[in-house]
Amino acid sequence: MIQITSLTTLGLTALLFFVAVFGRYVLFSLVFDWLFTGSTAEQPTGRPIQERQRKPDQQWREIGWSALTSLIFAAIGLGVMVAYQAGATRIYTDVQAYGWLWYIVSIGLVLFTQETYYYWLHRWMHRPGVYRWIHKVHHDSLTTSPWTAFSFHPTESTLQALLLPALTFVLPLHSTAICLILIIMTVSGAINHLNTEVYPHAFDRHWLGRWLIGATHHSLHHSQFRYNYGLYFTWWDKWMKTESPDFQRLFAEKSRKKTSR
Ligand SMILES: [Zn+2]
Ligand SMILES: [Zn+2]
């Protein structure tokens, strides 16, 4: 690990963080794009969820906003690194310090907190006065793709990115648990914006599947605006009755049936 002791090491770490965040976005988007969002005929289900064509310049616009998002994530990550090296955070590196049970519970706790924070932040961002200034950038992508995953206005990126660093000051979090959470965030963002349903048929009624957000669920958020505000899980949408009434029908239509092909 680089010890940040001078402006040079600070600059170097900042650059490394940006390359890691933006590189991770590009890598996951390329892989998911290649795997799932080729021509309609090449798609595993043969059906894009939202059939409207993406705008010609949409991908580059999304990559531009995502680069800006990556800069913000990197800057905040750098701040956490400086705080960690100053001994101000509760990040630890020896698993035995708190044991494996806490390791797993801490990840679950962070995901639940992120879900709750994001659901309510997201609902607030849909208020008319706020939407135009903060959240519209993300919704300019009506037909999404993995490239949409980081396409946010800088204010939204900052609001989203503040929670995890804040938690490192409160909860003991292992450094690799933080890496895992960052990977979950990236994979989930890519899957939710795929515009191709990858979950199996009837997964929306499965004991676990019914709680997970996927491509159909989030695609409906982009096309209907006032439903499906969740991030990883459907809890809040179900509890607050903001899940789209069209979700089950569309999921049945777009998910792969076992008997087909
Ligand atoms: Zn939204
Ligand atoms: Zn989205």
# chains A, B, ... in the order shown; residues from 1 in each chain; ligands from 1

$ residues_around --residues "Asp94 (chain A)" --least-positions-apart "3" --cutoff "12 Å" --atoms "only C-alpha atoms" --output "short mmCIF file (atom, residue, chain, number, x, y, z; two decimals) with N, CA and C atoms, in the first residue's frame"
data_model
loop_
_atom_site.label_atom_id
_atom_site.label_comp_id
_atom_site.auth_asym_id
_atom_site.auth_seq_id
_atom_site.Cartn_x
_atom_site.Cartn_y
_atom_site.Cartn_z
N ILE A 91 -11.56 0.91 9.58
CA ILE A 91 -11.17 -0.14 8.63
C ILE A 91 -10.06 -0.97 9.27
N ALA A 97 -9.51 -10.07 13.98
CA ALA A 97 -9.82 -8.99 14.93
C ALA A 97 -11.30 -9.00 15.32
N TYR A 98 -12.18 -9.32 14.36
CA TYR A 98 -13.62 -9.35 14.65
C TYR A 98 -14.27 -10.69 14.28
N GLY A 99 -13.50 -11.58 13.60
CA GLY A 99 -14.02 -12.90 13.22
C GLY A 99 -14.78 -12.90 11.91
N TRP A 100 -14.99 -14.13 11.38
CA TRP A 100 -15.67 -14.28 10.08
C TRP A 100 -17.15 -13.94 10.14
N TYR A 103 -17.49 -10.41 9.69
CA TYR A 103 -17.11 -10.09 8.31
C TYR A 103 -18.34 -10.17 7.40
N PRO A 172 -16.75 -1.27 12.04
CA PRO A 172 -15.48 -1.92 11.70
C PRO A 172 -15.67 -2.70 10.38
N LEU A 173 -14.94 -2.31 9.34
CA LEU A 173 -15.08 -2.97 8.04
C LEU A 173 -13.71 -3.46 7.58
N HIS A 174 -13.66 -4.75 7.22
CA HIS A 174 -12.39 -5.29 6.71
C HIS A 174 -12.13 -4.71 5.33
N SER A 175 -10.84 -4.48 5.02
CA SER A 175 -10.51 -3.85 3.72
C SER A 175 -11.03 -4.69 2.55
N THR A 176 -10.97 -6.01 2.64
CA THR A 176 -11.45 -6.82 1.51
C THR A 176 -12.99 -6.84 1.46
N ALA A 177 -13.64 -6.66 2.61
CA ALA A 177 -15.12 -6.58 2.61
C ALA A 177 -15.53 -5.33 1.83
#

$ residues_near_ligand --ligand "ligand 1" --cutoff "10 Å" --atoms "only C-alpha atoms and all ligand atoms" --output "short mmCIF file (atom, residue, chain, number, x, y, z; two decimals) with N, CA and C atoms, in the first residue's frame"
data_model
loop_
_atom_site.label_atom_id
_atom_site.label_comp_id
_atom_site.auth_asym_id
_atom_site.auth_seq_id
_atom_site.Cartn_x
_atom_site.Cartn_y
_atom_site.Cartn_z
N TYR A 119 -32.86 4.17 -1.57
CA TYR A 119 -34.29 4.20 -1.90
C TYR A 119 -34.89 5.57 -1.59
N LEU A 121 -33.22 8.46 -0.94
CA LEU A 121 -32.53 9.50 -1.72
C LEU A 121 -33.13 9.54 -3.13
N HIS A 122 -33.34 8.34 -3.69
CA HIS A 122 -33.88 8.23 -5.05
C HIS A 122 -35.29 8.83 -5.12
N ARG A 123 -36.11 8.57 -4.14
CA ARG A 123 -37.46 9.13 -4.15
C ARG A 123 -37.40 10.65 -4.04
N TRP A 124 -36.47 11.13 -3.22
CA TRP A 124 -36.30 12.59 -3.09
C TRP A 124 -35.83 13.18 -4.42
N MET A 125 -34.94 12.46 -5.12
CA MET A 125 -34.42 12.98 -6.38
C MET A 125 -35.48 13.02 -7.48
N HIS A 126 -36.61 12.31 -7.25
CA HIS A 126 -37.69 12.35 -8.23
C HIS A 126 -38.68 13.47 -7.95
N TYR A 131 -35.44 16.76 -9.42
CA TYR A 131 -35.20 15.87 -10.56
C TYR A 131 -34.43 16.56 -11.70
N HIS A 135 -31.19 14.46 -11.11
CA HIS A 135 -31.39 13.06 -11.50
C HIS A 135 -31.69 12.86 -12.99
N LYS A 136 -31.98 13.96 -13.70
CA LYS A 136 -32.39 13.86 -15.10
C LYS A 136 -31.29 13.24 -15.97
N VAL A 137 -30.05 13.54 -15.64
CA VAL A 137 -28.92 13.01 -16.42
C VAL A 137 -29.02 11.48 -16.53
N HIS A 138 -29.33 10.84 -15.40
CA HIS A 138 -29.42 9.37 -15.42
C HIS A 138 -30.61 8.90 -16.25
N HIS A 139 -31.71 9.67 -16.20
CA HIS A 139 -32.92 9.26 -16.92
C HIS A 139 -32.91 9.67 -18.38
N HIS A 218 -35.41 -2.76 -13.08
CA HIS A 218 -34.85 -1.41 -13.19
C HIS A 218 -35.17 -0.75 -14.54
N HIS A 221 -38.13 1.18 -14.14
CA HIS A 221 -37.91 2.48 -13.51
C HIS A 221 -37.55 3.52 -14.57
N HIS A 222 -36.71 3.15 -15.53
CA HIS A 222 -36.31 4.10 -16.57
C HIS A 222 -37.45 4.43 -17.53
N SER A 223 -38.39 3.48 -17.74
CA SER A 223 -39.46 3.77 -18.69
C SER A 223 -40.70 4.36 -18.01
N GLN A 224 -40.91 4.05 -16.71
CA GLN A 224 -42.13 4.53 -16.05
C GLN A 224 -41.90 5.63 -15.01
N PHE A 225 -40.64 5.84 -14.60
CA PHE A 225 -40.24 6.91 -13.68
C PHE A 225 -40.75 6.80 -12.24
N ARG A 226 -42.02 6.41 -12.06
CA ARG A 226 -42.56 6.53 -10.70
C ARG A 226 -42.68 5.20 -9.95
N TYR A 227 -42.00 4.18 -10.46
CA TYR A 227 -41.97 2.90 -9.76
C TYR A 227 -40.54 2.38 -9.67
N ASN A 228 -40.34 1.36 -8.82
CA ASN A 228 -39.07 0.62 -8.76
C ASN A 228 -37.86 1.51 -8.47
N TYR A 229 -37.81 2.07 -7.28
CA TYR A 229 -36.74 2.99 -6.91
C TYR A 229 -35.53 2.29 -6.27
N GLY A 230 -35.65 0.99 -6.00
CA GLY A 230 -34.61 0.29 -5.23
C GLY A 230 -33.27 0.19 -5.94
#

$ closest_residue --among "A:Leu163, A:Leu10, A:Leu111, A:Ile49" --to "Glu197 (chain A)" --atoms "only C-alpha atoms"
A:Ile49

$ residues_near_ligand --ligand "ligand 2" --cutoff "10 Å" --atoms "only C-alpha atoms and all ligand atoms" --output "PyMOL selection string"
chain A and resi 135+138-146+148-152+189-190+192-194+215+218-222+229-231

$ select_by_dssp --residues "region 16-223 of chain A" --states "strand (DSSP E or B)" --output "ChimeraX atom specification"
/A:91-92,173-174,200,212

$ residues_around --residues "Ser70 (chain A)" --least-positions-apart "3" --cutoff "7 Å" --atoms "only C-alpha atoms" --output "NGL selection string"
:A and (18 or 21-22 or 66-67 or 73-74)

$ write_last_selection --atoms "N, CA and C atoms" --output "PDB file, in the first residue's frame"
ATOM      1  N   PHE A  18      -8.448   6.594  -9.708  1.00  0.00           N
ATOM      2  CA  PHE A  18      -9.283   6.911 -10.869  1.00  0.00           C
ATOM      3  C   PHE A  18      -9.208   5.773 -11.889  1.00  0.00           C
ATOM      4  N   VAL A  21     -11.256   2.812 -10.605  1.00  0.00           N
ATOM      5  CA  VAL A  21     -12.722   2.987 -10.632  1.00  0.00           C
ATOM      6  C   VAL A  21     -13.228   3.030 -12.072  1.00  0.00           C
ATOM      7  N   PHE A  22     -12.605   3.856 -12.894  1.00  0.00           N
ATOM      8  CA  PHE A  22     -13.066   3.997 -14.280  1.00  0.00           C
ATOM      9  C   PHE A  22     -12.765   2.708 -15.063  1.00  0.00           C
ATOM     10  N   SER A  66     -19.891   9.100 -16.801  1.00  0.00           N
ATOM     11  CA  SER A  66     -19.316   8.043 -15.956  1.00  0.00           C
ATOM     12  C   SER A  66     -17.863   8.354 -15.600  1.00  0.00           C
ATOM     13  N   ALA A  67     -17.153   9.011 -16.521  1.00  0.00           N
ATOM     14  CA  ALA A  67     -15.766   9.409 -16.223  1.00  0.00           C
ATOM     15  C   ALA A  67     -15.772  10.422 -15.083  1.00  0.00           C
ATOM     16  N   PHE A  73     -15.801   9.458  -7.304  1.00  0.00           N
ATOM     17  CA  PHE A  73     -15.618   8.252  -6.487  1.00  0.00           C
ATOM     18  C   PHE A  73     -14.143   8.128  -6.065  1.00  0.00           C
ATOM     19  N   ALA A  74     -13.234   8.422  -7.025  1.00  0.00           N
ATOM     20  CA  ALA A  74     -11.797   8.304  -6.742  1.00  0.00           C
ATOM     21  C   ALA A  74     -11.377   9.326  -5.682  1.00  0.00           C
TER      22      ALA A  74
END

$ residues_around --residues "Ile2 (chain A)" --least-positions-apart "3" --cutoff "12 Å" --atoms "only C-alpha atoms" --output "number ranges by chain"
A: 5-6, 8-14, 16-17, 78, 81-82, 85

$ atom_distance --atom1 "CA of Phe32 (chain A)" --atom2 "CA of Pro56 (chain A)"
19.5 Å

$ closest_residue --among "A:Trp235, A:Thr186, A:Arg256, A:Ile181" --to "Tyr199 (chain A)" --atoms "only C-alpha atoms"
A:Arg256

$ residues_around --residues "Arg210 (chain A)" --least-positions-apart "5" --cutoff "10 Å" --atoms "only C-alpha atoms" --output "list in words"
Ala202, Phe203, Asp204, Arg205, Phe233, Thr234, Trp235 and Lys238 of chain A

$ write_last_selection --atoms "C-alpha atoms" --output "PDB file, in the first residue's frame"
ATOM      1  CA  ALA A 202     -40.305 -17.351 -12.386  1.00  0.00           C
ATOM      2  CA  PHE A 203     -37.307 -16.010 -10.438  1.00  0.00           C
ATOM      3  CA  ASP A 204     -39.533 -13.069  -9.430  1.00  0.00           C
ATOM      4  CA  ARG A 205     -41.541 -15.559  -7.360  1.00  0.00           C
ATOM      5  CA  PHE A 233     -33.276  -5.288  -3.297  1.00  0.00           C
ATOM      6  CA  THR A 234     -37.042  -4.981  -3.786  1.00  0.00           C
ATOM      7  CA  TRP A 235     -37.866  -4.626  -0.046  1.00  0.00           C
ATOM      8  CA  LYS A 238     -42.705  -3.799  -1.874  1.00  0.00           C
TER       9      LYS A 238
END

$ select_by_dssp --residues "region 9-79 of chain A" --states "alpha helix (DSSP H)" --output "CSV table (one decimal) with N, CA and C atoms, in the first residue's frame"
chain,number,residue,atom,x,y,z
A,9,THR,N,2.9,11.4,-3.8
A,9,THR,CA,2.3,10.1,-3.5
A,9,THR,C,0.7,10.3,-3.4
A,10,LEU,N,0.3,11.5,-3.0
A,10,LEU,CA,-1.1,11.8,-3.1
A,10,LEU,C,-1.6,11.8,-4.5
A,11,GLY,N,-0.9,12.5,-5.4
A,11,GLY,CA,-1.3,12.6,-6.8
A,11,GLY,C,-1.2,11.2,-7.4
A,12,LEU,N,-0.2,10.4,-7.1
A,12,LEU,CA,-0.1,9.0,-7.7
A,12,LEU,C,-1.3,8.2,-7.2
A,13,THR,N,-1.6,8.2,-5.9
A,13,THR,CA,-2.7,7.4,-5.4
A,13,THR,C,-4.0,7.9,-6.1
A,14,ALA,N,-4.2,9.2,-6.2
A,14,ALA,CA,-5.4,9.7,-6.9
A,14,ALA,C,-5.5,9.1,-8.3
A,15,LEU,N,-4.4,9.1,-9.0
A,15,LEU,CA,-4.4,8.6,-10.4
A,15,LEU,C,-4.8,7.1,-10.4
A,16,LEU,N,-4.1,6.4,-9.5
A,16,LEU,CA,-4.4,4.9,-9.4
A,16,LEU,C,-5.9,4.7,-9.0
A,17,PHE,N,-6.4,5.4,-8.1
A,17,PHE,CA,-7.8,5.3,-7.8
A,17,PHE,C,-8.7,5.5,-9.0
A,18,PHE,N,-8.4,6.6,-9.7
A,18,PHE,CA,-9.3,6.9,-10.9
A,18,PHE,C,-9.2,5.8,-11.9
A,19,VAL,N,-8.0,5.3,-12.2
A,19,VAL,CA,-7.8,4.2,-13.1
A,19,VAL,C,-8.6,3.0,-12.7
A,20,ALA,N,-8.5,2.7,-11.3
A,20,ALA,CA,-9.2,1.5,-10.8
A,20,ALA,C,-10.7,1.6,-10.9
A,21,VAL,N,-11.3,2.8,-10.6
A,21,VAL,CA,-12.7,3.0,-10.6
A,21,VAL,C,-13.2,3.0,-12.1
A,22,PHE,N,-12.6,3.9,-12.9
A,22,PHE,CA,-13.1,4.0,-14.3
A,22,PHE,C,-12.8,2.7,-15.1
A,23,GLY,N,-11.6,2.1,-14.8
A,23,GLY,CA,-11.2,0.9,-15.5
A,23,GLY,C,-12.2,-0.2,-15.1
A,24,ARG,N,-12.6,-0.3,-13.9
A,24,ARG,CA,-13.6,-1.3,-13.4
A,24,ARG,C,-14.9,-1.2,-14.2
A,25,TYR,N,-15.3,0.1,-14.3
A,25,TYR,CA,-16.6,0.4,-15.0
A,25,TYR,C,-16.4,0.0,-16.5
A,26,VAL,N,-15.3,0.4,-17.1
A,26,VAL,CA,-15.1,0.1,-18.5
A,26,VAL,C,-15.1,-1.5,-18.7
A,27,LEU,N,-14.3,-2.1,-17.9
A,27,LEU,CA,-14.2,-3.6,-18.0
A,27,LEU,C,-15.5,-4.3,-17.9
A,28,PHE,N,-16.2,-4.0,-16.8
A,28,PHE,CA,-17.5,-4.7,-16.6
A,28,PHE,C,-18.5,-4.3,-17.7
A,29,SER,N,-18.5,-3.1,-18.2
A,29,SER,CA,-19.4,-2.7,-19.2
A,29,SER,C,-19.1,-3.4,-20.5
A,30,LEU,N,-17.8,-3.5,-20.8
A,30,LEU,CA,-17.4,-4.2,-22.1
A,30,LEU,C,-17.8,-5.7,-22.0
A,31,VAL,N,-17.5,-6.3,-20.9
A,31,VAL,CA,-17.8,-7.7,-20.7
A,31,VAL,C,-19.3,-8.0,-20.8
A,32,PHE,N,-20.1,-7.2,-20.0
A,32,PHE,CA,-21.6,-7.4,-20.0
A,32,PHE,C,-22.2,-7.0,-21.4
A,33,ASP,N,-21.7,-6.0,-22.0
A,33,ASP,CA,-22.2,-5.5,-23.3
A,33,ASP,C,-21.9,-6.7,-24.3
A,34,TRP,N,-20.7,-7.2,-24.3
A,34,TRP,CA,-20.3,-8.3,-25.2
A,34,TRP,C,-21.2,-9.5,-25.0
A,35,LEU,N,-21.4,-9.8,-23.7
A,35,LEU,CA,-22.2,-11.1,-23.4
A,35,LEU,C,-23.6,-11.0,-23.7
A,36,PHE,N,-24.2,-9.8,-23.5
A,36,PHE,CA,-25.7,-9.7,-23.5
A,36,PHE,C,-26.3,-8.8,-24.4
A,58,GLN,N,-25.7,8.3,-27.5
A,58,GLN,CA,-26.0,8.0,-26.1
A,58,GLN,C,-24.8,7.4,-25.3
A,59,GLN,N,-24.1,6.4,-26.0
A,59,GLN,CA,-23.0,5.7,-25.3
A,59,GLN,C,-21.9,6.6,-24.9
A,60,TRP,N,-21.5,7.6,-25.8
A,60,TRP,CA,-20.4,8.5,-25.5
A,60,TRP,C,-20.8,9.5,-24.4
A,61,ARG,N,-22.1,9.9,-24.4
A,61,ARG,CA,-22.6,10.8,-23.3
A,61,ARG,C,-22.5,10.1,-22.0
A,62,GLU,N,-23.0,8.8,-22.0
A,62,GLU,CA,-22.9,8.0,-20.7
A,62,GLU,C,-21.5,7.8,-20.2
A,63,ILE,N,-20.6,7.6,-21.2
A,63,ILE,CA,-19.2,7.3,-20.8
A,63,ILE,C,-18.6,8.6,-20.2
A,64,GLY,N,-19.0,9.8,-20.8
A,64,GLY,CA,-18.5,11.1,-20.3
A,64,GLY,C,-18.9,11.3,-18.9
A,65,TRP,N,-20.2,11.2,-18.6
A,65,TRP,CA,-20.8,11.3,-17.2
A,65,TRP,C,-20.1,10.3,-16.3
A,66,SER,N,-19.9,9.1,-16.8
A,66,SER,CA,-19.3,8.0,-16.0
A,66,SER,C,-17.9,8.4,-15.6
A,67,ALA,N,-17.2,9.0,-16.5
A,67,ALA,CA,-15.8,9.4,-16.2
A,67,ALA,C,-15.8,10.4,-15.1
A,68,LEU,N,-16.7,11.4,-15.1
A,68,LEU,CA,-16.9,12.4,-14.1
A,68,LEU,C,-17.2,11.7,-12.8
A,69,THR,N,-18.2,10.7,-12.8
A,69,THR,CA,-18.5,10.0,-11.6
A,69,THR,C,-17.3,9.3,-11.0
A,70,SER,N,-16.5,8.7,-11.9
A,70,SER,CA,-15.3,7.9,-11.5
A,70,SER,C,-14.3,8.9,-10.8
A,71,LEU,N,-14.2,10.1,-11.3
A,71,LEU,CA,-13.4,11.1,-10.7
A,71,LEU,C,-13.8,11.4,-9.2
A,72,ILE,N,-15.1,11.6,-9.1
A,72,ILE,CA,-15.7,11.9,-7.8
A,72,ILE,C,-15.5,10.7,-6.8
A,73,PHE,N,-15.8,9.5,-7.3
A,73,PHE,CA,-15.6,8.3,-6.5
A,73,PHE,C,-14.1,8.1,-6.1
A,74,ALA,N,-13.2,8.4,-7.0
A,74,ALA,CA,-11.8,8.3,-6.7
A,74,ALA,C,-11.4,9.3,-5.7
A,75,ALA,N,-11.9,10.6,-5.8
A,75,ALA,CA,-11.5,11.6,-4.9
A,75,ALA,C,-12.0,11.3,-3.5
A,76,ILE,N,-13.3,10.7,-3.4
A,76,ILE,CA,-13.8,10.3,-2.1
A,76,ILE,C,-13.0,9.1,-1.5
A,77,GLY,N,-12.7,8.2,-2.4
A,77,GLY,CA,-11.9,7.0,-2.0
A,77,GLY,C,-10.5,7.5,-1.4
A,78,LEU,N,-9.9,8.5,-2.1
A,78,LEU,CA,-8.6,9.0,-1.7
A,78,LEU,C,-8.8,9.6,-0.3
A,79,GLY,N,-9.9,10.3,0.0
A,79,GLY,CA,-10.1,10.9,1.3
A,79,GLY,C,-10.2,9.8,2.3

$ atom_distance --atom1 "CA of Ile4 (chain A)" --atom2 "CA of Tyr92 (chain A)"
17.7 Å

$ atom_distance --atom1 "CA of Val110 (chain A)" --atom2 "CA of Gly214 (chain A)"
19.5 Å
